[in-house]
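Q: Compact mmCIF, C-alpha atoms, file query-v2.txt:
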```
# COMPACT_ATOMS: atom_id res chain seq x y z
CA MET A 1265 -14.87 -15.14 -9.09
CA PRO A 1266 -12.77 -14.31 -12.18
CA GLY A 1267 -9.09 -13.62 -11.71
CA PRO A 1268 -7.64 -10.10 -11.95
CA LEU A 1269 -7.03 -8.63 -15.38
CA VAL A 1270 -4.54 -5.91 -14.48
CA ILE A 1271 -3.09 -6.73 -11.06
CA SER A 1272 -1.07 -9.91 -11.47
CA LYS A 1273 -0.67 -12.85 -9.08
CA ALA A 1274 2.94 -11.73 -8.77
CA ALA A 1275 1.75 -8.37 -7.41
CA ILE A 1276 -0.42 -10.11 -4.81
CA ALA A 1277 2.51 -12.35 -3.84
CA ARG A 1278 4.76 -9.29 -3.61
CA ARG A 1279 2.37 -7.67 -1.12
CA ALA A 1280 2.21 -10.86 0.95
CA TYR A 1281 6.00 -10.95 1.07
CA TRP A 1282 6.26 -7.33 2.21
CA ILE A 1283 3.57 -7.73 4.88
CA GLU A 1284 5.67 -10.47 6.45
CA GLU A 1285 8.98 -8.72 5.76
CA ILE A 1286 7.87 -5.68 7.76
CA VAL A 1287 7.04 -7.97 10.70
CA LYS A 1288 10.49 -9.58 10.50
CA ILE A 1289 12.53 -6.38 10.25
CA SER A 1290 14.11 -5.42 13.57
CA GLY A 1291 16.75 -3.04 14.88
CA ARG A 1292 16.95 0.71 15.07
CA PHE A 1293 14.08 2.50 13.38
CA GLY A 1294 16.28 4.59 11.08
CA GLU A 1295 18.15 1.50 9.95
CA ASP A 1296 14.82 -0.21 9.23
CA ILE A 1297 13.89 2.58 6.82
CA SER A 1298 17.25 2.32 5.06
CA ARG A 1299 16.73 -1.42 4.68
CA ILE A 1300 13.25 -0.92 3.22
CA GLU A 1301 14.51 1.69 0.74
CA ALA A 1302 17.41 -0.53 -0.31
CA GLU A 1303 15.13 -3.52 -0.81
CA LEU A 1304 12.65 -1.47 -2.85
CA ALA A 1305 15.48 -0.21 -5.06
CA ALA A 1306 16.77 -3.77 -5.54
CA GLU A 1307 13.29 -5.01 -6.50
CA ILE A 1308 12.83 -2.32 -9.12
CA LYS A 1309 16.31 -2.93 -10.52
CA ARG A 1310 15.53 -6.66 -10.76
CA ASP A 1311 11.87 -6.61 -11.88
CA GLY A 1312 11.58 -3.23 -13.57
CA VAL A 1313 8.85 -0.62 -13.32
CA ALA A 1314 6.21 -3.35 -12.88
CA ALA A 1315 7.47 -3.86 -9.31
CA LEU A 1316 6.89 -0.21 -8.45
CA ILE A 1317 3.41 -0.25 -9.96
CA ASP A 1318 2.64 -3.46 -8.02
CA HIS A 1319 3.43 -1.70 -4.76
CA LEU A 1320 1.36 1.37 -5.63
CA ALA A 1321 -1.68 -0.77 -6.47
CA LEU A 1322 -1.99 -2.35 -3.01
CA CYS A 1323 0.06 -0.33 -0.52
CA GLY A 1324 -2.73 1.95 0.75
CA SER A 1325 -4.23 -0.66 3.09
CA ILE A 1326 -2.61 -1.41 6.47
CA PRO A 1327 -2.86 -5.17 7.10
CA GLU A 1328 -5.63 -5.98 9.57
CA HIS A 1329 -3.45 -8.29 11.67
CA TYR A 1330 -1.04 -5.46 12.54
CA ARG A 1331 -2.05 -4.25 16.00
CA HIS A 1332 -2.91 -0.56 16.46
CA ASP A 1333 0.16 1.55 17.31
CA SER A 1334 2.39 -1.51 17.00
CA SER A 1335 5.93 -1.36 15.63
CA GLU A 1336 4.64 -3.15 12.52
CA GLU A 1337 1.97 -0.53 11.91
CA LYS A 1338 4.45 2.33 12.39
CA LEU A 1339 6.98 0.68 10.10
CA TYR A 1340 4.27 0.08 7.49
CA SER A 1341 3.63 3.83 7.49
CA LYS A 1342 7.33 4.40 6.84
CA TYR A 1343 7.21 1.78 4.08
CA THR A 1344 4.65 3.91 2.23
CA ASP A 1345 6.84 6.97 2.73
CA ALA A 1346 9.83 5.04 1.35
CA LEU A 1347 7.68 3.99 -1.59
CA LEU A 1348 6.72 7.61 -2.26
CA ALA A 1349 10.39 8.66 -2.17
CA THR A 1350 11.14 5.80 -4.58
CA VAL A 1351 8.53 7.15 -6.99
CA PHE A 1352 10.09 10.62 -6.84
CA ARG A 1353 13.52 9.13 -7.58
CA TYR A 1354 12.09 7.12 -10.46
CA VAL A 1355 10.81 10.30 -12.12
CA GLY A 1356 14.23 11.93 -11.69
CA LEU A 1357 13.89 13.92 -8.47
CA THR A 1358 16.26 13.67 -5.53
CA SER A 1359 14.26 12.46 -2.54
CA ILE A 1360 14.76 11.45 1.09
CA VAL A 1361 12.60 10.06 3.89
CA ILE A 1362 12.79 12.13 7.07
CA VAL A 1363 13.05 9.76 10.05
CA GLU A 1364 14.05 11.70 13.14
CA ARG A 1365 12.03 14.95 13.10
CA ALA A 1366 8.43 14.87 14.33
CA ASP A 1367 7.54 18.41 13.22
CA ALA A 1368 8.30 17.88 9.53
CA ALA A 1369 6.93 16.26 6.42
CA ASP A 1370 7.90 12.63 6.01
CA VAL A 1371 9.33 13.00 2.51
CA GLU A 1372 11.21 15.76 0.71
CA ALA A 1373 11.95 15.91 -3.01
CA VAL A 1374 14.04 18.31 -5.09
CA GLY A 1375 14.30 18.65 -8.86
CA PRO A 1376 16.00 21.03 -11.28
CA ASP A 1377 12.99 23.37 -11.41
CA TYR A 1378 11.00 22.83 -8.21
CA SER A 1379 10.94 21.16 -4.81
CA LEU A 1380 8.23 19.80 -2.53
CA VAL A 1381 7.39 18.14 0.75
CA ALA A 1382 5.13 15.09 0.79
CA ASP A 1383 3.44 12.54 3.00
CA ALA A 1384 2.06 9.09 2.18
CA LYS A 1385 -1.05 7.87 3.99
CA ALA A 1386 -2.29 4.33 4.57
CA PHE A 1387 -5.41 3.22 6.46
CA ARG A 1388 -7.04 -0.02 7.52
CA LEU A 1389 -10.03 -1.12 5.45
CA SER A 1390 -11.92 -1.43 8.76
CA ARG A 1391 -11.41 2.27 9.44
CA THR A 1392 -14.76 4.03 9.62
CA ALA A 1393 -14.46 7.74 10.46
CA LYS A 1394 -12.60 9.97 8.02
CA ASN A 1395 -11.12 12.52 10.42
CA GLN A 1396 -9.72 15.50 8.54
CA LYS A 1397 -6.78 15.61 10.97
CA ASP A 1398 -5.66 12.19 9.70
CA PHE A 1399 -4.76 13.76 6.35
CA LYS A 1400 -2.50 16.46 7.93
CA VAL A 1401 -3.31 18.98 5.19
CA GLU A 1402 -2.84 22.07 7.34
CA ALA A 1403 0.29 20.61 8.94
CA MET A 1404 1.79 19.98 5.49
CA HIS A 1405 1.43 23.66 4.67
CA GLY A 1406 3.42 24.56 7.78
CA TRP A 1407 6.08 22.01 6.92
CA LYS A 1408 6.90 23.50 3.50
CA ARG A 1409 9.63 25.63 5.07
CA GLY A 1410 10.55 27.51 1.92
CA LYS A 1411 9.40 24.89 -0.56
CA LEU A 1412 6.55 26.01 -2.79
CA HIS A 1413 4.68 22.72 -3.07
CA ALA A 1414 3.22 20.09 -0.76
CA LEU A 1415 1.66 16.74 -1.62
CA VAL A 1416 -0.45 14.33 0.45
CA VAL A 1417 -0.88 10.88 -1.16
CA CYS A 1418 -3.81 8.70 -0.04
CA PRO A 1419 -5.52 5.45 -1.05
CA ILE A 1420 -8.23 6.52 -3.47
CA TYR A 1421 -11.00 4.49 -1.82
CA GLN A 1422 -10.47 6.23 1.55
CA LEU A 1423 -10.92 9.77 0.26
CA PRO A 1424 -14.28 11.55 0.55
CA ALA A 1425 -16.08 11.42 -2.79
CA ARG A 1426 -18.44 14.27 -1.94
CA SER A 1427 -18.17 17.40 0.16
CA SER A 1428 -15.30 17.51 2.63
CA GLN A 1429 -13.34 20.11 4.52
CA ILE A 1430 -10.04 18.48 3.53
CA TYR A 1431 -10.45 19.81 -0.02
CA GLN A 1432 -11.19 23.31 1.23
CA GLN A 1433 -8.12 23.15 3.49
CA ALA A 1434 -5.94 21.87 0.66
CA GLU A 1435 -7.02 24.60 -1.74
CA ALA A 1436 -6.68 27.33 0.88
CA ARG A 1437 -3.22 26.11 1.95
CA ASN A 1438 -1.86 25.23 -1.51
CA VAL A 1439 -1.52 21.55 -0.69
CA CYS A 1440 -2.16 18.97 -3.42
CA ILE A 1441 -4.12 15.85 -2.46
CA PHE A 1442 -3.09 12.95 -4.66
CA THR A 1443 -3.68 9.18 -4.73
CA TYR A 1444 -1.55 6.09 -5.31
CA SER A 1445 -3.65 5.54 -8.44
CA HIS A 1446 -2.58 8.91 -9.84
CA LEU A 1447 1.02 8.14 -8.86
CA SER A 1448 0.81 4.88 -10.81
CA VAL A 1449 -0.23 6.81 -13.92
CA LEU A 1450 2.71 9.19 -13.34
CA VAL A 1451 5.12 6.25 -13.12
CA GLY A 1452 3.69 4.65 -16.26
CA PHE A 1453 3.97 7.97 -18.09
CA CYS A 1454 7.60 8.30 -16.98
CA ASP A 1455 8.31 4.80 -18.26
CA GLN A 1456 6.95 5.81 -21.68
CA LEU A 1457 8.20 9.37 -22.12
CA GLY A 1458 11.04 9.79 -19.62
CA THR A 1459 11.80 11.69 -16.46
CA ILE A 1460 11.63 15.25 -17.82
CA ALA A 1461 8.09 14.75 -19.11
CA ALA A 1462 7.06 13.10 -15.84
CA GLN A 1463 8.48 15.96 -13.77
CA ARG A 1464 6.57 18.46 -15.87
CA LEU A 1465 3.37 16.45 -15.46
CA LEU A 1466 3.77 16.39 -11.68
CA LEU A 1467 4.41 20.13 -11.59
CA ALA A 1468 1.34 20.78 -13.76
CA VAL A 1469 -0.83 18.84 -11.28
CA LEU A 1470 0.66 20.65 -8.29
CA LYS A 1471 0.00 24.04 -9.89
CA CYS A 1472 -3.55 23.26 -10.97
CA ALA A 1473 -4.48 22.08 -7.47
CA GLU A 1474 -2.97 25.21 -5.95
CA ALA A 1475 -4.90 27.49 -8.33
CA LEU A 1476 -8.33 26.28 -7.19
CA ASN A 1477 -10.61 28.51 -5.13
CA PRO A 1478 -11.27 27.01 -1.68
CA THR A 1479 -14.39 24.83 -1.67
CA LYS A 1480 -15.51 21.60 -0.01
CA ASP A 1481 -16.64 20.24 -3.38
CA SER A 1482 -14.70 17.06 -4.19
CA THR A 1483 -16.06 16.99 -7.75
CA ALA A 1484 -14.54 20.39 -8.50
CA TYR A 1485 -11.22 19.31 -7.02
CA TRP A 1486 -10.86 15.92 -8.70
CA GLY A 1487 -12.33 17.18 -11.96
CA THR A 1488 -9.54 19.75 -12.15
CA VAL A 1489 -6.76 17.34 -11.15
CA ASN A 1490 -7.95 14.55 -13.45
CA LEU A 1491 -8.33 16.85 -16.45
CA ALA A 1492 -4.88 18.32 -15.81
CA MET A 1493 -3.39 14.84 -16.11
CA LEU A 1494 -5.53 13.60 -18.98
CA GLY A 1495 -4.97 16.79 -20.96
CA PHE A 1496 -1.23 16.79 -20.48
CA HIS A 1497 -0.44 14.19 -23.15
CA ARG A 1498 -2.46 11.88 -25.38
CA SER A 1499 -0.68 8.75 -24.08
CA ILE A 1500 -2.15 9.22 -20.59
CA ALA A 1501 -5.66 8.15 -21.66
CA GLU A 1502 -4.61 4.52 -22.07
CA LEU A 1503 -2.69 4.52 -18.77
CA TRP A 1504 -5.75 6.06 -17.12
CA ALA A 1505 -8.11 3.38 -18.43
CA THR A 1506 -5.80 0.65 -17.15
CA GLU A 1507 -5.54 2.29 -13.76
CA LYS A 1508 -9.32 2.52 -13.41
CA LEU A 1509 -9.49 -1.26 -13.80
CA ALA A 1510 -6.56 -1.75 -11.42
CA THR A 1511 -8.27 0.37 -8.76
CA ILE A 1512 -11.42 -1.75 -8.86
CA GLU A 1513 -9.37 -4.95 -8.73
CA ALA A 1514 -7.23 -3.65 -5.86
CA ILE A 1515 -10.29 -2.95 -3.72
CA GLY A 1516 -11.50 -6.52 -4.27
CA ILE A 1517 -8.09 -8.02 -3.50
CA LEU A 1518 -7.56 -5.96 -0.35
CA ARG A 1519 -11.11 -6.59 0.86
CA GLU A 1520 -10.63 -10.35 0.47
CA GLU A 1521 -7.27 -10.17 2.25
CA ALA A 1522 -8.78 -8.29 5.21
CA LEU A 1523 -11.85 -10.54 5.48
CA THR A 1524 -9.64 -13.63 5.42
CA ILE A 1525 -7.52 -12.26 8.27
CA LEU A 1526 -10.61 -11.45 10.36
CA ALA A 1527 -12.14 -14.88 9.66
CA LYS A 1528 -8.91 -16.51 10.87
CA GLU A 1529 -8.92 -14.39 14.04
CA ARG A 1530 -12.54 -15.31 14.70
CA GLU A 1531 -11.74 -19.00 14.29
CA GLU A 1532 -8.77 -18.75 16.68
CA ILE A 1533 -10.95 -17.09 19.32
CA MET A 1534 -13.68 -19.71 18.93
CA LYS A 1535 -11.11 -22.46 19.58
CA MET A 1536 -9.85 -20.89 22.81
CA THR A 1537 -10.52 -22.35 26.23
CA ARG A 1538 -11.98 -20.02 28.83
CA GLU A 1539 -8.58 -19.63 30.50
CA ASP A 1540 -6.85 -18.85 27.17
CA ALA A 1541 -9.50 -16.26 26.35
CA ILE A 1542 -9.05 -14.53 29.72
CA THR A 1543 -5.25 -14.49 29.31
CA ARG A 1544 -5.57 -13.09 25.78
CA LEU A 1545 -7.95 -10.36 26.93
CA ILE A 1546 -5.68 -9.33 29.81
CA LYS A 1547 -2.75 -9.12 27.37
CA ASP A 1548 -4.74 -7.15 24.79
CA ARG A 1549 -5.84 -4.66 27.46
CA ASN A 1550 -2.21 -4.41 28.66
CA ILE A 1551 -3.35 -4.78 32.28
CA ASP A 1552 0.08 -5.92 33.53
CA GLY A 1553 1.90 -3.10 31.76
CA ARG A 1554 -0.47 -0.45 33.05
CA GLU A 1555 -0.18 -1.86 36.58
CA SER A 1556 3.63 -1.63 36.39
CA VAL A 1557 3.46 2.04 35.42
CA ILE A 1558 0.97 2.83 38.20
CA ARG A 1559 3.16 1.12 40.84
CA LEU A 1560 6.11 3.33 39.86
CA VAL A 1561 4.21 6.53 40.62
CA ALA A 1562 5.61 8.05 43.84
CA ASP A 1563 6.18 11.34 45.57
CA ASN A 1564 8.83 13.24 43.64
CA GLY A 1565 9.82 15.43 46.59
CA ILE A 1566 9.05 18.75 44.94
CA LEU A 1567 7.36 20.09 48.08
CA SER A 1568 10.50 19.27 50.10
CA ILE A 1569 12.77 21.38 47.91
CA PRO A 1570 13.90 24.42 49.98
```
What would the structure in this file look like if it were written as structure tokens?

A:
Amino acid sequence: MPGPLVISKAAIARRAYWIEEIVKISGRFGEDISRIEAELAAEIKRDGVAALIDHLALCGSIPEHYRHDSSEEKLYSKYTDALLATVFRYVGLTSIVIVERADAADVEAVGPDYSLVADAKAFRLSRTAKNQKDFKVEAMHGWKRGKLHALVVCPIYQLPARSSQIYQQAEARNVCIFTYSHLSVLVGFCDQLGTIAAQRLLLAVLKCAEALNPTKDSTAYWGTVNLAMLGFHRSIAELWATEKLATIEAIGILREEALTILAKEREEIMKMTREDAITRLIKDRNIDGRESVIRLVADNGILSIP
């Protein structure tokens, strides 16, 4: 198999580092986010815009060895939000990650001429169903709270390529669906022409998505968004061509990463004794934890209150 042409070995190593770094990070959740943001900023200061583009190329896939609903999985979700806020800052917007509130968008960004709320999505490659609720399009509309624009950023390979209700919801609610691939082009454009041009490009995309008539047709949606970017400036065509190659390479890299993890898990299971396998299954099903909760259930005395 030939090596990647666009995504470097350094980018793959960077992802491997961050997968393990997220596992290692401990402490209060809000402090974890601050640490992630600080480390991202330090990387970009040290390695330049290439570091940011490296993250965007591979961040959309949750590592398969993170357990469902684990602290690692939740922190990985916040890592993608921190990455999105970092992109906004790179293009000259002021941006923060919202940690405490549950009924709010995860990211807010403010510029001289406009403001927006945003959310970054990441999914496992093993994910099968594409539930429209996972994209939180309608929720994002409610979370604008005075801001005119809302953005949901997703891994491009997890978005429906044909008819889907998420596009109809987005167009009806004035929410822009975007991808990490499109963000990478925005970052590259900013690197070439500066923050003012990049801010104008982002606003042009937001407005074109909001002007669409509601339809489930993905071709109509992405055709409009893609043409808005490609038609904005002649330099985008070259960035676009590079990103198309990067997207194909990223899928191959992430697929190989996930398959390797699953192969390792299979091998570990095959090496288990019967007793080890039973212990592992009991732990995975959280039998002891569920038993503890059940044993604590008792009469609360409500009927005895005079």

Q: Which residue gives the smallest distance to Ala1346 of chain A among A:Asp1367, A:Glu1301, A:Ala1403, A:Asn1395, with all atoms listed in the file counted?

A: A:Glu1301

Q: For Asn1438 of chain A, which residue out of A:Leu1476, A:Val1371, A:Ala1302, A:Ala1386 is the nearest one, using all atoms listed in the file?

A: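 With all atoms listed in the file as the atom set, the closest residue is A:Leu1476.
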
Q: Using all atoms listed in the file, which residue out of A:Ala1514, A:Ile1430, A:Ala1425, A:Glu1507 lies closest to Ser1482 of chain A?

A: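 Ranking A:Ala1514, A:Ile1430, A:Ala1425, A:Glu1507 by distance to Ser1482 of chain A, first place goes to A:Ala1425.
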
Q: One number please: atom CA of Val1401 of chain A to atom CA of Ser1335 of chain A, in Å, one decimal.

A: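 Rounded to one decimal, the two atoms are 24.7 Å apart.
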
Q: Would you list the contacts of segment 1523-1537 of chain A as a PyMOL selection string, taking every protein, DNA or RNA residue within 12 Å and counting only C-alpha atoms, but skipping same-chain residues closer than 4 positions in sequence?

A: chain A and resi 1327-1330+1388-1390+1516-1519+1541-1545

Q: Go ahead and compute the interatomic distance for atom CA of Ser1499 of chain A and atom CA of His1319 of chain A, in Å to one decimal.

A: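 Straight-line distance from atom CA of Ser1499 of chain A to atom CA of His1319 of chain A works out to 22.3 Å.
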
Q: Between A:Trp1486, A:Phe1399, A:Tyr1354, A:Tyr1343, single out the one closest to Ser1448 of chain A, counting only C-alpha atoms.

A: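 Counting only C-alpha atoms, the residue closest to Ser1448 of chain A is A:Tyr1354.
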
Q: In Å, with one decimal, what is the gap from atom CA of Ala1492 of chain A to atom CA of Asn1477 of chain A?

A: 15.8 Å

Q: Excluding segment 1455-1463 of chain A and residues on its chain fewer than 5 positions from it, collect all residues at most 7 Å away from it, counting all atoms listed in the file, and give them as number ranges by chain.

A: A: 1355-1356, 1450

Q: I need the residues from that last selection saved to file as a PDB file, keeping the file's coordinate frame (with C-alpha atoms), if you can.

A:
```pdb
ATOM      1  CA  VAL A1355      10.810  10.300 -12.120  1.00  0.00           C
ATOM      2  CA  GLY A1356      14.230  11.930 -11.690  1.00  0.00           C
ATOM      3  CA  LEU A1450       2.710   9.190 -13.340  1.00  0.00           C
TER       4      LEU A1450
END
```

Q: Name the residues in contact with Gln1433 of chain A at a cut-off of 9 Å, using all atoms listed in the file, excluding same-chain residues fewer than 2 positions from it; report them as number ranges by chain.

A: A: 1401-1402, 1429-1431, 1435-1439, 1478-1480

Q: For the point (5.5, 21.6, -4.2) in file coordinates, what residues are within 9 Å, counting all atoms listed in the file? Give the answer as a list in words?

A: Ala1373, Tyr1378, Ser1379, Leu1380, Val1381, Ala1382, Lys1408, Lys1411, Leu1412, His1413, Ala1414, Leu1415, Asn1438, Val1439, Cys1440, Leu1467, Leu1470 and Lys1471 of chain A

Q: Point out the residue among A:Cys1454, A:Val1449, A:Ile1546, A:Ala1475 with the least atom-to-atom distance to Ala1434 of chain A, counting only C-alpha atoms.

A: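 Among the listed residues, A:Ala1475 lies closest to Ala1434 of chain A.
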
Q: Can you tell me, as a ChimeraX atom specification, what residues are no more than 10 Å from Lys1342 of chain A when counting all atoms listed in the file, ignoring any on the same chain fewer than 3 positions away?

A: /A:1293-1294,1296-1297,1300-1301,1336-1339,1345-1348,1361-1363,1370-1371,1383-1386

Q: If we count only C-alpha atoms and set the cut-off at 10 Å, which residues sit around Leu1423 of chain A, ignoring sequence neighbours fewer than 2 positions away in its own chain? Please answer as a PyMOL selection string.

A: chain A and resi 1394+1399+1418-1421+1425-1426+1428+1430+1441-1443+1482

Q: Pick out the closest residue to Lys1273 of chain A from this set: A:Ser1334, A:Thr1488, A:Glu1539, A:Asp1318. Count all atoms listed in the file.

A: A:Asp1318
